[in-house]
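One structure is given here, and the rest of the page talks about it.
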Amino acid sequence: MTARVFLALFAVLAMVLGCNRPSGTFAPVTPPGGAGPAAGDYRTMSTAQLQDFIKSKIGVEEVTLTEKGQNAYSGTLKHLDGSNLPVEVTVDAQRIVCDTKTPAGSTRQIITPQGLTSDLNVK
């Protein structure tokens with residue numbers, strides 16, 4: 001057999017056999033804190049799910065939130081350097097707005113299904 005014929009037979013055999021894993025045996029992956037937002041509606045998330053989701057998107061060490069109204073939260077963001085900053089969070093169906101205000105300025109971070117956008121306003 002020539003190398004070309006051998007390689008072609010090997011490629012066809014690999015495609016036919018595949019990895020031979022039965023269908024339907026995968027385990028669905030859920031985010032920390034339980035299931036993610038249903039159909040992209042962030043308002044359906046519990047406080048624990050919201051904290052974990054914001055933590056994963058913003059990249060902070062810890063998020064602590066307390067509910068202050070319907071879809072409105074206040075709390076702190078613990079950054080990797082150990083500093084704690086106050087945060088106000090507003091949750092809409094398709095976005096989460098995190099406003100952080102300090103004497104040095106403010107930051108608005110908006111989480112959407114498309115990703116994260118940040119707006120820094122230095123005083």
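To be explicit about the labels: the chains of the structure tokens are called A, B, and onward in the order shown, and within each one the residues are counted from 1, while ligands get numbers from 1 in the order they are shown.
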
Report task. Skip Leu65 (chain A) itself and residues of its chain fewer than 2 positions away, then list as a list of chain:residue names all residues within 12 Å of it, counting only C-alpha atoms. Result ->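 Once the nearby chain positions are removed, what remains is A:Ser46, A:Thr47, A:Ala48, A:Gln49, A:Leu50, A:Gln51, A:Asp52, A:Ile54, A:Lys55, A:Glu62, A:Val63, A:Glu67, A:Lys68, A:Gly69, A:Asn71, A:Ala72, A:Tyr73, A:Ser74, A:Gly75, A:Thr76, A:Leu77, A:Lys78, A:Leu85, A:Pro86, A:Val87, A:Glu88, A:Val89, A:Thr90, A:Cys98.
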
Report task. For His79 (chain A), list every protein, DNA or RNA residue within 7 Å, evaluated using only C-alpha atoms, and leave out those in the same chain fewer than 4 positions away; present the list as a list of chain:residue names. Result -> A:Val60, A:Glu61, A:Ser83, A:Asn84

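As for CA of Arg108 (chain A) and CA of Thr66 (chain A), they are spaced 18.6 Å apart.
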
Report task. Find, counting only C-alpha atoms, the residue in A:Leu80, A:Met45, A:Val5, A:Leu120 that gets nearest to Ala93 (chain A). Result -> A:Met45

Query - Polymer residues at most 7 Å from Tyr42 (chain A), only C-alpha atoms, same-chain spacing of 4 or more positions, as a list in words - result: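 The residues satisfying every condition are Pro37, Val91, Asp92, Ala93, Gln94 and Arg95 of chain A.
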
Report task. Find the residues near Gly115 (chain A): any atom within 12 Å, counting only C-alpha atoms, skip ones fewer than 2 places away on the same chain, and give them as JSON, numbers by chain. Result -> {"A": [54, 56, 57, 58, 94, 95, 96, 109, 110, 111, 112, 113, 117, 118]}

Report task. State, in Å with one decimal place, the distance from CA of Gly82 (chain A) to CA of Leu116 (chain A). Result -> 22.3 Å
